[in-house]
$ cat data_29.cif   # mmCIF, C-alpha atoms
data_final
#
loop_
_atom_site.label_atom_id
_atom_site.label_comp_id
_atom_site.auth_asym_id
_atom_site.auth_seq_id
_atom_site.Cartn_x
_atom_site.Cartn_y
_atom_site.Cartn_z
CA MET A 815 2.50 -7.60 -2.75
CA LYS A 816 0.62 -6.68 -5.92
CA ALA A 817 -0.45 -3.24 -7.04
CA ALA A 818 -2.54 -1.96 -9.96
CA VAL A 819 -2.12 1.45 -11.59
CA ILE A 820 -5.17 2.64 -13.53
CA VAL A 821 -4.33 4.29 -16.86
CA PHE A 822 -6.69 6.74 -18.58
CA PRO A 823 -6.31 8.55 -21.88
CA ALA A 824 -4.03 11.52 -20.95
CA SER A 825 -2.86 10.15 -17.62
CA ASN A 826 0.74 11.42 -17.41
CA CYS A 827 2.05 10.25 -14.03
CA ASP A 828 1.19 6.58 -14.51
CA ARG A 829 4.77 5.67 -15.40
CA ASP A 830 6.21 7.74 -12.52
CA LEU A 831 3.92 5.79 -10.19
CA LYS A 832 5.03 2.55 -11.79
CA VAL A 833 8.69 3.45 -11.16
CA ALA A 834 8.03 4.48 -7.56
CA LEU A 835 6.01 1.34 -6.79
CA THR A 836 8.51 -0.91 -8.54
CA HIS A 837 11.38 0.56 -6.46
CA SER A 838 9.48 -0.03 -3.22
CA MET A 839 7.80 -3.38 -4.05
CA GLY A 840 10.63 -5.05 -5.95
CA ARG A 841 8.17 -5.98 -8.71
CA GLU A 842 6.19 -4.06 -11.30
CA PRO A 843 2.56 -3.10 -10.72
CA ASP A 844 -0.12 -4.14 -13.23
CA MET A 845 -1.02 -1.28 -15.56
CA VAL A 846 -4.80 -1.43 -16.07
CA TRP A 847 -6.49 0.35 -18.97
CA HIS A 848 -9.57 2.47 -18.17
CA GLY A 849 -11.74 0.57 -20.65
CA ASP A 850 -11.18 -2.75 -18.88
CA SER A 851 -14.07 -3.91 -16.77
CA GLU A 852 -12.11 -6.18 -14.45
CA LEU A 853 -9.26 -5.55 -12.04
CA PRO A 854 -6.50 -8.10 -11.53
CA ASP A 855 -6.09 -9.51 -8.02
CA THR A 856 -4.39 -6.61 -6.19
CA ASP A 857 -3.47 -5.35 -2.71
CA LEU A 858 -3.32 -1.67 -3.70
CA ILE A 859 -5.02 0.42 -6.38
CA ALA A 860 -3.25 3.60 -7.48
CA ILE A 861 -4.99 6.28 -9.57
CA PRO A 862 -2.37 8.52 -11.19
CA GLY A 863 -2.10 12.20 -12.01
CA GLY A 864 -2.60 13.68 -15.43
CA PHE A 865 -5.37 15.23 -17.46
CA SER A 866 -7.67 12.29 -18.11
CA TYR A 867 -10.02 13.01 -21.02
CA GLY A 868 -8.47 16.47 -21.32
CA ASP A 869 -10.30 17.63 -18.17
CA TYR A 870 -13.45 17.86 -20.33
CA LEU A 871 -16.60 18.95 -18.47
CA ARG A 872 -14.78 18.93 -15.09
CA ALA A 873 -11.39 17.52 -14.07
CA GLY A 874 -11.96 13.81 -13.44
CA ALA A 875 -15.64 13.75 -14.43
CA MET A 876 -15.29 11.53 -17.49
CA ALA A 877 -12.74 9.19 -15.93
CA ALA A 878 -15.00 8.71 -12.89
CA ASN A 879 -17.57 7.13 -15.20
CA SER A 880 -15.21 4.83 -17.09
CA PRO A 881 -15.82 1.03 -16.82
CA ILE A 882 -12.80 0.31 -14.61
CA MET A 883 -13.82 2.89 -12.00
CA ARG A 884 -16.97 0.94 -11.18
CA GLU A 885 -14.67 -1.93 -10.16
CA VAL A 886 -12.32 0.39 -8.27
CA VAL A 887 -15.23 1.78 -6.24
CA LYS A 888 -16.42 -1.77 -5.44
CA LYS A 889 -12.92 -2.84 -4.33
CA ALA A 890 -12.56 0.30 -2.22
CA GLU A 891 -15.87 -0.45 -0.52
CA SER A 892 -14.65 -3.94 0.30
CA GLY A 893 -11.50 -2.51 1.91
CA THR A 894 -8.77 -2.54 -0.74
CA PRO A 895 -6.44 0.45 -0.17
CA VAL A 896 -6.70 3.13 -2.85
CA LEU A 897 -4.08 5.85 -3.41
CA ALA A 898 -5.43 8.68 -5.58
CA ILE A 899 -2.90 11.33 -6.59
CA CYS A 900 -3.67 14.70 -8.22
CA ASN A 901 -6.01 13.90 -11.14
CA GLY A 902 -6.62 10.64 -9.26
CA PHE A 903 -7.86 12.71 -6.28
CA GLN A 904 -10.17 14.66 -8.61
CA ILE A 905 -11.48 11.38 -10.04
CA ALA A 906 -11.99 9.93 -6.55
CA THR A 907 -14.12 12.92 -5.49
CA GLU A 908 -16.13 12.68 -8.71
CA THR A 909 -16.95 9.01 -8.00
CA GLY A 910 -17.98 9.89 -4.43
CA MET A 911 -15.23 7.67 -2.92
CA LEU A 912 -13.93 10.85 -1.27
CA PRO A 913 -15.98 13.89 -0.17
CA GLY A 914 -15.60 17.45 -1.47
CA ALA A 915 -14.40 18.70 -4.83
CA LEU A 916 -11.29 20.23 -6.41
CA LEU A 917 -11.94 23.68 -7.88
CA ARG A 918 -9.82 25.89 -10.13
CA ASN A 919 -6.82 27.30 -8.19
CA ALA A 920 -7.76 30.53 -6.45
CA GLY A 921 -4.87 32.34 -8.19
CA GLN A 922 -6.08 31.08 -11.61
CA LYS A 923 -2.57 29.87 -12.42
CA PHE A 924 -1.15 26.39 -12.90
CA VAL A 925 1.07 25.81 -9.85
CA CYS A 926 4.17 23.63 -10.21
CA ARG A 927 6.59 23.60 -7.29
CA ASP A 928 7.61 21.74 -4.15
CA VAL A 929 5.33 22.29 -1.17
CA ASP A 930 5.72 21.60 2.54
CA LEU A 931 3.07 19.35 4.00
CA LEU A 932 2.06 18.67 7.58
CA ILE A 933 1.14 15.08 8.44
CA THR A 934 -2.14 15.97 10.05
CA SER A 935 -3.66 12.74 11.28
CA GLN A 936 -2.33 9.30 12.01
CA ASN A 937 -3.23 6.62 9.49
CA GLU A 938 -0.83 3.76 10.06
CA ARG A 939 -1.16 2.32 6.56
CA PHE A 940 -0.47 5.48 4.59
CA VAL A 941 1.65 7.74 6.82
CA GLY A 942 2.87 5.44 9.61
CA GLY A 943 6.38 5.94 8.24
CA PHE A 944 6.25 9.60 9.28
CA GLU A 945 5.82 11.19 12.69
CA GLN A 946 2.49 12.87 13.32
CA GLY A 947 3.20 16.59 13.04
CA GLU A 948 6.19 15.99 10.78
CA VAL A 949 6.63 18.28 7.76
CA VAL A 950 7.42 16.51 4.49
CA ARG A 951 8.09 17.85 1.01
CA PHE A 952 6.36 16.67 -2.18
CA PRO A 953 5.83 18.63 -5.42
CA VAL A 954 2.46 19.88 -6.68
CA ALA A 955 1.61 20.40 -10.35
CA HIS A 956 -2.02 21.29 -10.95
CA HIS A 957 -4.54 23.85 -12.17
CA ASP A 958 -7.54 22.50 -10.24
CA GLY A 959 -6.34 21.68 -6.75
CA ASN A 960 -8.41 24.05 -4.67
CA PHE A 961 -10.09 21.72 -2.17
CA TYR A 962 -13.66 22.66 -1.38
CA ALA A 963 -16.23 21.18 0.98
CA ASP A 964 -19.16 23.06 2.53
CA ASP A 965 -18.93 24.10 6.20
CA ASP A 966 -20.73 21.02 7.56
CA LYS A 967 -18.59 18.59 5.58
CA LEU A 968 -15.41 20.49 6.44
CA ASN A 969 -16.20 20.34 10.17
CA GLU A 970 -16.91 16.64 9.84
CA LEU A 971 -13.59 16.00 8.06
CA GLU A 972 -11.72 17.86 10.79
CA ALA A 973 -13.62 16.19 13.64
CA GLU A 974 -13.20 12.68 12.21
CA GLY A 975 -9.46 13.10 11.60
CA GLN A 976 -9.90 12.68 7.85
CA VAL A 977 -7.51 15.50 6.90
CA ALA A 978 -4.32 13.72 5.81
CA PHE A 979 -2.02 16.56 4.69
CA ARG A 980 -2.05 20.36 5.01
CA TYR A 981 -0.04 22.96 3.11
CA VAL A 982 2.25 24.66 5.65
CA THR A 983 5.47 26.66 5.93
CA PRO A 984 8.71 24.65 6.32
CA ASP A 985 8.26 25.20 10.09
CA GLY A 986 4.81 23.63 10.03
CA GLU A 987 2.75 26.81 10.27
CA GLN A 988 -0.58 26.91 8.47
CA THR A 989 -0.58 30.25 6.64
CA ASP A 990 -2.28 31.68 3.55
CA GLU A 991 1.14 32.14 1.92
CA ALA A 992 1.86 28.41 2.27
CA ASN A 993 -1.43 27.54 0.55
CA PRO A 994 -0.68 27.27 -3.20
CA ASN A 995 -4.26 27.03 -4.46
CA GLY A 996 -6.78 28.44 -1.98
CA SER A 997 -7.82 25.08 -0.51
CA ARG A 998 -10.13 25.38 2.49
CA ASN A 999 -8.22 24.86 5.77
CA ASN A 1000 -5.04 24.42 3.66
CA ILE A 1001 -6.16 20.86 2.90
CA ALA A 1002 -3.83 18.99 0.52
CA GLY A 1003 -5.13 15.47 1.07
CA ILE A 1004 -7.94 13.59 2.79
CA TYR A 1005 -8.98 10.06 3.78
CA ASN A 1006 -12.40 8.51 3.37
CA LYS A 1007 -14.26 7.77 6.59
CA VAL A 1008 -12.91 4.23 6.90
CA GLY A 1009 -9.34 5.33 6.10
CA ASN A 1010 -8.56 2.97 3.21
CA VAL A 1011 -8.79 5.63 0.49
CA LEU A 1012 -6.27 8.51 0.41
CA GLY A 1013 -6.57 11.36 -2.09
CA LEU A 1014 -3.91 14.06 -2.31
CA MET A 1015 -2.93 16.75 -4.79
CA PRO A 1016 0.88 16.58 -4.22
CA HIS A 1017 2.97 13.93 -5.99
CA PRO A 1018 5.03 11.67 -3.68
CA GLU A 1019 6.05 9.61 -6.74
CA ARG A 1020 8.07 12.57 -8.03
CA LEU A 1021 10.49 12.73 -5.10
CA ILE A 1022 11.91 9.25 -4.72
CA SER A 1023 15.65 9.89 -5.05
CA ASP A 1024 18.24 12.50 -4.17
CA GLU A 1025 18.87 12.98 -7.90
CA LEU A 1026 15.28 14.20 -8.18
CA GLY A 1027 15.63 16.56 -5.23
CA GLY A 1028 14.45 14.52 -2.28
CA THR A 1029 13.37 11.18 -0.86
CA ASP A 1030 10.24 11.94 1.19
CA GLY A 1031 8.24 10.26 -1.57
CA LYS A 1032 10.34 7.13 -1.33
CA ARG A 1033 9.77 7.03 2.44
CA PHE A 1034 6.04 7.30 1.75
CA PHE A 1035 5.97 4.40 -0.74
CA ASP A 1036 8.40 2.20 1.23
CA HIS A 1037 6.19 2.43 4.29
CA LEU A 1038 2.96 1.93 2.33
CA VAL A 1039 4.33 -1.23 0.73
CA ASN A 1040 5.67 -2.57 4.07
CA SER A 1041 2.40 -1.91 5.85
CA ILE A 1042 0.39 -3.73 3.17
CA VAL A 1043 2.77 -6.69 3.01
CA MET B 1107 -36.63 17.03 -28.69
CA LYS B 1108 -34.04 19.52 -27.49
CA ALA B 1109 -33.03 20.41 -23.95
CA ARG B 1110 -30.69 23.02 -22.53
CA VAL B 1111 -28.93 22.56 -19.19
CA TYR B 1112 -27.57 25.59 -17.31
CA ILE B 1113 -24.83 24.83 -14.81
CA SER B 1114 -23.58 27.35 -12.26
CA LEU B 1115 -21.40 27.25 -9.15
CA LYS B 1116 -23.33 27.24 -5.87
CA ASN B 1117 -23.37 30.36 -3.75
CA GLY B 1118 -20.30 30.47 -1.53
CA VAL B 1119 -18.15 28.43 -3.94
CA LEU B 1120 -15.20 30.53 -5.07
CA ASP B 1121 -15.32 31.34 -8.80
CA PRO B 1122 -11.85 32.68 -9.71
CA GLN B 1123 -12.75 32.94 -13.41
CA GLY B 1124 -15.83 35.02 -12.60
CA LYS B 1125 -13.64 37.26 -10.42
CA ALA B 1126 -11.11 37.73 -13.23
CA ILE B 1127 -13.89 38.61 -15.68
CA SER B 1128 -15.33 41.06 -13.16
CA HIS B 1129 -11.93 42.79 -12.79
CA SER B 1130 -11.52 43.00 -16.57
CA LEU B 1131 -14.96 44.51 -17.06
CA GLN B 1132 -14.29 47.08 -14.35
CA GLY B 1133 -10.94 47.81 -16.01
CA LEU B 1134 -12.78 48.49 -19.27
CA GLY B 1135 -14.82 51.12 -17.47
CA PHE B 1136 -17.98 49.13 -16.74
CA LYS B 1137 -18.27 50.57 -13.27
CA SER B 1138 -21.73 49.08 -12.80
CA VAL B 1139 -20.27 45.56 -12.45
CA VAL B 1140 -20.44 44.41 -8.83
CA ASP B 1141 -19.80 40.69 -9.28
CA VAL B 1142 -19.60 38.06 -12.03
CA ARG B 1143 -20.31 34.34 -11.79
CA GLN B 1144 -19.40 32.16 -14.74
CA GLY B 1145 -21.30 29.01 -15.67
CA LYS B 1146 -21.89 26.84 -18.69
CA THR B 1147 -24.72 25.66 -20.89
CA ILE B 1148 -25.03 22.23 -22.45
CA ASP B 1149 -27.39 21.68 -25.39
CA LEU B 1150 -28.79 18.19 -25.78
CA ASP B 1151 -30.41 16.83 -28.92
CA LEU B 1152 -32.63 13.94 -27.85
CA ALA B 1153 -34.58 11.29 -29.74
CA ASP B 1154 -38.29 12.03 -30.09
CA MET B 1155 -39.99 11.06 -26.88
CA ASP B 1156 -42.56 12.16 -24.34
CA ARG B 1157 -41.60 15.55 -22.93
CA ASP B 1158 -41.91 14.55 -19.27
CA ALA B 1159 -39.92 11.38 -19.85
CA ALA B 1160 -37.24 13.39 -21.63
CA GLU B 1161 -37.01 15.89 -18.79
CA ALA B 1162 -36.75 13.06 -16.25
CA GLU B 1163 -33.94 11.54 -18.32
CA VAL B 1164 -32.03 14.85 -18.49
CA GLU B 1165 -32.45 15.19 -14.72
CA LYS B 1166 -30.70 11.82 -14.32
CA MET B 1167 -27.94 12.92 -16.73
CA CYS B 1168 -27.33 16.00 -14.57
CA GLN B 1169 -27.15 13.94 -11.40
CA GLN B 1170 -24.83 11.32 -12.85
CA LEU B 1171 -22.48 13.33 -15.05
CA LEU B 1172 -23.34 16.81 -16.29
CA ALA B 1173 -23.20 18.57 -12.90
CA ASN B 1174 -21.21 17.93 -9.73
CA THR B 1175 -23.84 18.67 -7.11
CA VAL B 1176 -21.19 19.15 -4.41
CA ILE B 1177 -20.29 22.48 -6.03
CA GLU B 1178 -22.79 23.14 -8.82
CA ASN B 1179 -26.48 23.90 -9.34
CA TYR B 1180 -28.26 23.09 -12.57
CA THR B 1181 -31.52 24.00 -14.25
CA ILE B 1182 -33.11 22.23 -17.20
CA GLU B 1183 -35.02 23.95 -19.98
CA MET B 1184 -36.97 21.84 -22.48
CA LEU B 1185 -36.79 23.69 -25.78
CA ASP B 1186 -39.56 22.14 -27.89
#

$ encode --input "data_29.cif" --output "structure tokens"
Amino acid sequence: MKAAVIVFPASNCDRDLKVALTHSMGREPDMVWHGDSELPDTDLIAIPGGFSYGDYLRAGAMAANSPIMREVVKKAESGTPVLAICNGFQIATETGMLPGALLRNAGQKFVCRDVDLLITSQNERFVGGFEQGEVVRFPVAHHDGNFYADDDKLNELEAEGQVAFRYVTPDGEQTDEANPNGSRNNIAGIYNKVGNVLGLMPHPERLISDELGGTDGKRFFDHLVNSIV
Amino acid sequence: MKARVYISLKNGVLDPQGKAISHSLQGLGFKSVVDVRQGKTIDLDLADMDRDAAEAEVEKMCQQLLANTVIENYTIEMLD
């Protein structure tokens, strides 16, 4: 299996993603610079976290218009799986690959901590390694992670099973206290309609060994790689 | 040719910065403040061209980059 990690100026989780993918794939992903206009042959595209272009104008707005993203959008439309984490999620909404937008956190503060997440809908490729209804733990680290969609779009996401992860208590309860950023319906991650693009604010690539505090991220990547192979 | 673009959050979209400003103003004693919404302006200096063509071009800029129409409204003012 081959994977490509897109690297923007001020991406800062690209190397974490590389480590996580390398552990699970047994080979290194291609690191693709944002100014390139062609993608290598790849089975998975990963868009990393960070502060691409310093979050100028809006988080992800500049990166969404970089040359490589035109290719990423084309590949996504032809079915290549895309994993968009944190700033990657913001970029994916800015390109229109995913609906909604990520606003400034409701509490105005940068939030950096582990969160508990409910696996909300079954998508074999991305979360088939977890039970539906299982609570997993990944860290968040963001200032603009407050998921917003208008009422119609939100209802559509819920009805179509496009909500991937929700912020919950360790027991799986959806409460305001468990919501770190004010996201509507406690949404932490969503799929596109077809289900080949996943965007999420939490960072599975940061919890891939017991030394780092947990292995739920490793389970996530191991399954993703197996399901694509 | 100069143009100014005003960008604001749509009604119903939470504006935590506006809320914080509102609280600060009330804390300073400005009791008349009911609500604050924060936006931004972008000034564009354009090559000399037909005014209507320039406005149409700025409209495209707003759609493609300057505003995110999922959450923001924009208005364009042609300045000369």

$ interface_residues --input "data_29.cif" --of "chain A" --to "chain B" --cutoff "12 Å" --atoms "all atoms listed in the file" --output "JSON list (two decimals) with C-alpha atoms, keeping the file's coordinate frame"
[["chain", "number", "residue", "atom", "x", "y", "z"],
["A", 870, "TYR", "CA", -13.45, 17.86, -20.33],
["A", 871, "LEU", "CA", -16.60, 18.95, -18.47],
["A", 872, "ARG", "CA", -14.78, 18.93, -15.09],
["A", 873, "ALA", "CA", -11.39, 17.52, -14.07],
["A", 874, "GLY", "CA", -11.96, 13.81, -13.44],
["A", 875, "ALA", "CA", -15.64, 13.75, -14.43],
["A", 876, "MET", "CA", -15.29, 11.53, -17.49],
["A", 877, "ALA", "CA", -12.74, 9.19, -15.93],
["A", 878, "ALA", "CA", -15.00, 8.71, -12.89],
["A", 879, "ASN", "CA", -17.57, 7.13, -15.20],
["A", 880, "SER", "CA", -15.21, 4.83, -17.09],
["A", 904, "GLN", "CA", -10.17, 14.66, -8.61],
["A", 905, "ILE", "CA", -11.48, 11.38, -10.04],
["A", 907, "THR", "CA", -14.12, 12.92, -5.49],
["A", 908, "GLU", "CA", -16.13, 12.68, -8.71],
["A", 909, "THR", "CA", -16.95, 9.01, -8.00],
["A", 910, "GLY", "CA", -17.98, 9.89, -4.43],
["A", 912, "LEU", "CA", -13.93, 10.85, -1.27],
["A", 913, "PRO", "CA", -15.98, 13.89, -0.17],
["A", 914, "GLY", "CA", -15.60, 17.45, -1.47],
["A", 915, "ALA", "CA", -14.40, 18.70, -4.83],
["A", 916, "LEU", "CA", -11.29, 20.23, -6.41],
["A", 917, "LEU", "CA", -11.94, 23.68, -7.88],
["A", 918, "ARG", "CA", -9.82, 25.89, -10.13],
["A", 919, "ASN", "CA", -6.82, 27.30, -8.19],
["A", 920, "ALA", "CA", -7.76, 30.53, -6.45],
["A", 921, "GLY", "CA", -4.87, 32.34, -8.19],
["A", 922, "GLN", "CA", -6.08, 31.08, -11.61],
["A", 923, "LYS", "CA", -2.57, 29.87, -12.42],
["A", 957, "HIS", "CA", -4.54, 23.85, -12.17],
["A", 958, "ASP", "CA", -7.54, 22.50, -10.24],
["A", 960, "ASN", "CA", -8.41, 24.05, -4.67],
["A", 961, "PHE", "CA", -10.09, 21.72, -2.17],
["A", 962, "TYR", "CA", -13.66, 22.66, -1.38],
["A", 963, "ALA", "CA", -16.23, 21.18, 0.98],
["A", 964, "ASP", "CA", -19.16, 23.06, 2.53],
["A", 965, "ASP", "CA", -18.93, 24.10, 6.20],
["A", 967, "LYS", "CA", -18.59, 18.59, 5.58],
["A", 995, "ASN", "CA", -4.26, 27.03, -4.46],
["A", 996, "GLY", "CA", -6.78, 28.44, -1.98],
["A", 997, "SER", "CA", -7.82, 25.08, -0.51],
["A", 998, "ARG", "CA", -10.13, 25.38, 2.49]]

$ atom_distance --input "data_29.cif" --atom1 "CA of Gln936 (chain A)" --atom2 "CA of Asn1040 (chain A)"
16.4 Å

$ atom_distance --input "data_29.cif" --atom1 "CA of His956 (chain A)" --atom2 "CA of Ala817 (chain A)"
24.9 Å

$ residues_around --input "data_29.cif" --residues "region 851-855 of chain A" --least-positions-apart "6" --cutoff "7 Å" --atoms "all atoms listed in the file" --output "list in words"
Pro881, Ile882 and Glu885 of chain A

$ resolve_selection --input "data_29.cif" --expression "the PyMOL selection byres ((chain B and resi 1158) around 12)" --output "list in words"
Met1107, Ala1109, Asp1154, Met1155, Asp1156, Arg1157, Ala1159, Ala1160, Glu1161, Ala1162, Glu1163, Val1164, Glu1165, Ile1182, Glu1183, Met1184 and Asp1186 of chain B

$ residues_around --input "data_29.cif" --residues "Asn937 (chain A)" --least-positions-apart "3" --cutoff "10 Å" --atoms "only C-alpha atoms" --output "number ranges by chain"
A: 933-934, 940-944, 946, 975-976, 978, 1005, 1009-1010, 1012

$ write_last_selection --input "data_29.cif" --atoms "C-alpha atoms" --output "compact mmCIF listing (two decimals), keeping the file's coordinate frame"
# COMPACT_ATOMS: atom_id res chain seq x y z
CA ILE A 933 1.14 15.08 8.44
CA THR A 934 -2.14 15.97 10.05
CA PHE A 940 -0.47 5.48 4.59
CA VAL A 941 1.65 7.74 6.82
CA GLY A 942 2.87 5.44 9.61
CA GLY A 943 6.38 5.94 8.24
CA PHE A 944 6.25 9.60 9.28
CA GLN A 946 2.49 12.87 13.32
CA GLY A 975 -9.46 13.10 11.60
CA GLN A 976 -9.90 12.68 7.85
CA ALA A 978 -4.32 13.72 5.81
CA TYR A 1005 -8.98 10.06 3.78
CA GLY A 1009 -9.34 5.33 6.10
CA ASN A 1010 -8.56 2.97 3.21
CA LEU A 1012 -6.27 8.51 0.41

$ closest_atom_pairs --input "data_29.cif" --of "region 881-997 of chain A" --to "region 823-834 of chain A" --cutoff "10 Å" --atoms "all atoms listed in the file" --output "JSON lines"
{"residue": "A:Ile899", "atom": "CA", "partner": "A:Cys827", "partner_atom": "CA", "distance": 9.0}
{"residue": "A:Cys900", "atom": "CA", "partner": "A:Cys827", "partner_atom": "CA", "distance": 9.3}
{"residue": "A:Asn901", "atom": "CA", "partner": "A:Ser825", "partner_atom": "CA", "distance": 8.1}
{"residue": "A:Gly902", "atom": "CA", "partner": "A:Ser825", "partner_atom": "CA", "distance": 9.2}

$ residues_around --input "data_29.cif" --residues "Phe1034 (chain A)" --least-positions-apart "5" --cutoff "12 Å" --atoms "only C-alpha atoms" --output "ChimeraX atom specification"
/A:834-835,837-838,897,933,938-945,950-952,1017-1022,1028-1029,1039-1041

$ residues_around --input "data_29.cif" --residues "Val1140 (chain B)" --least-positions-apart "2" --cutoff "12 Å" --atoms "only C-alpha atoms" --output "ChimeraX atom specification"
/B:1124-1125,1127-1132,1136-1138,1142-1143

$ atom_distance --input "data_29.cif" --atom1 "CA of Val982 (chain A)" --atom2 "CA of Asn1000 (chain A)"
7.6 Å

$ resolve_selection --input "data_29.cif" --expression "the PyMOL selection byres ((chain A and resi 896) around 7)" --output "NGL selection string"
:A and (858-860 or 890 or 894-895 or 897-898 or 1010-1012)

$ residues_around --input "data_29.cif" --residues "Met911 (chain A)" --least-positions-apart "4" --cutoff "7 Å" --atoms "all atoms listed in the file" --output "MDAnalysis selection string"
chainID A and resid 887 906:907 1006

$ closest_residue --input "data_29.cif" --among "A:Gly840, A:Phe822, A:Ile1001, A:Glu1025" --to "Asp869 (chain A)" --atoms "all atoms listed in the file"
A:Phe822

$ closest_residue --input "data_29.cif" --among "A:Ile1042, A:Leu971, A:Val977, A:Ala1002" --to "Leu931 (chain A)" --atoms "all atoms listed in the file"
A:Ala1002

$ axis_aligned_box --input "data_29.cif" --around "region 1168-1184 of chain B" --padding-each-side "8 Å" --output "JSON"
{"center_x": -28.6, "center_y": 17.7, "center_z": -13.4, "size_x": 32.7, "size_y": 28.7, "size_z": 34.1}

$ resolve_selection --input "data_29.cif" --expression "the PyMOL selection byres ((chain B and resi 1152) around 6)" --output "short mmCIF file (atom, residue, chain, number, x, y, z; two decimals) with C-alpha atoms, keeping the file's coordinate frame"
data_model
loop_
_atom_site.label_atom_id
_atom_site.label_comp_id
_atom_site.auth_asym_id
_atom_site.auth_seq_id
_atom_site.Cartn_x
_atom_site.Cartn_y
_atom_site.Cartn_z
CA MET B 1107 -36.63 17.03 -28.69
CA LYS B 1108 -34.04 19.52 -27.49
CA ASP B 1151 -30.41 16.83 -28.92
CA ALA B 1153 -34.58 11.29 -29.74
#
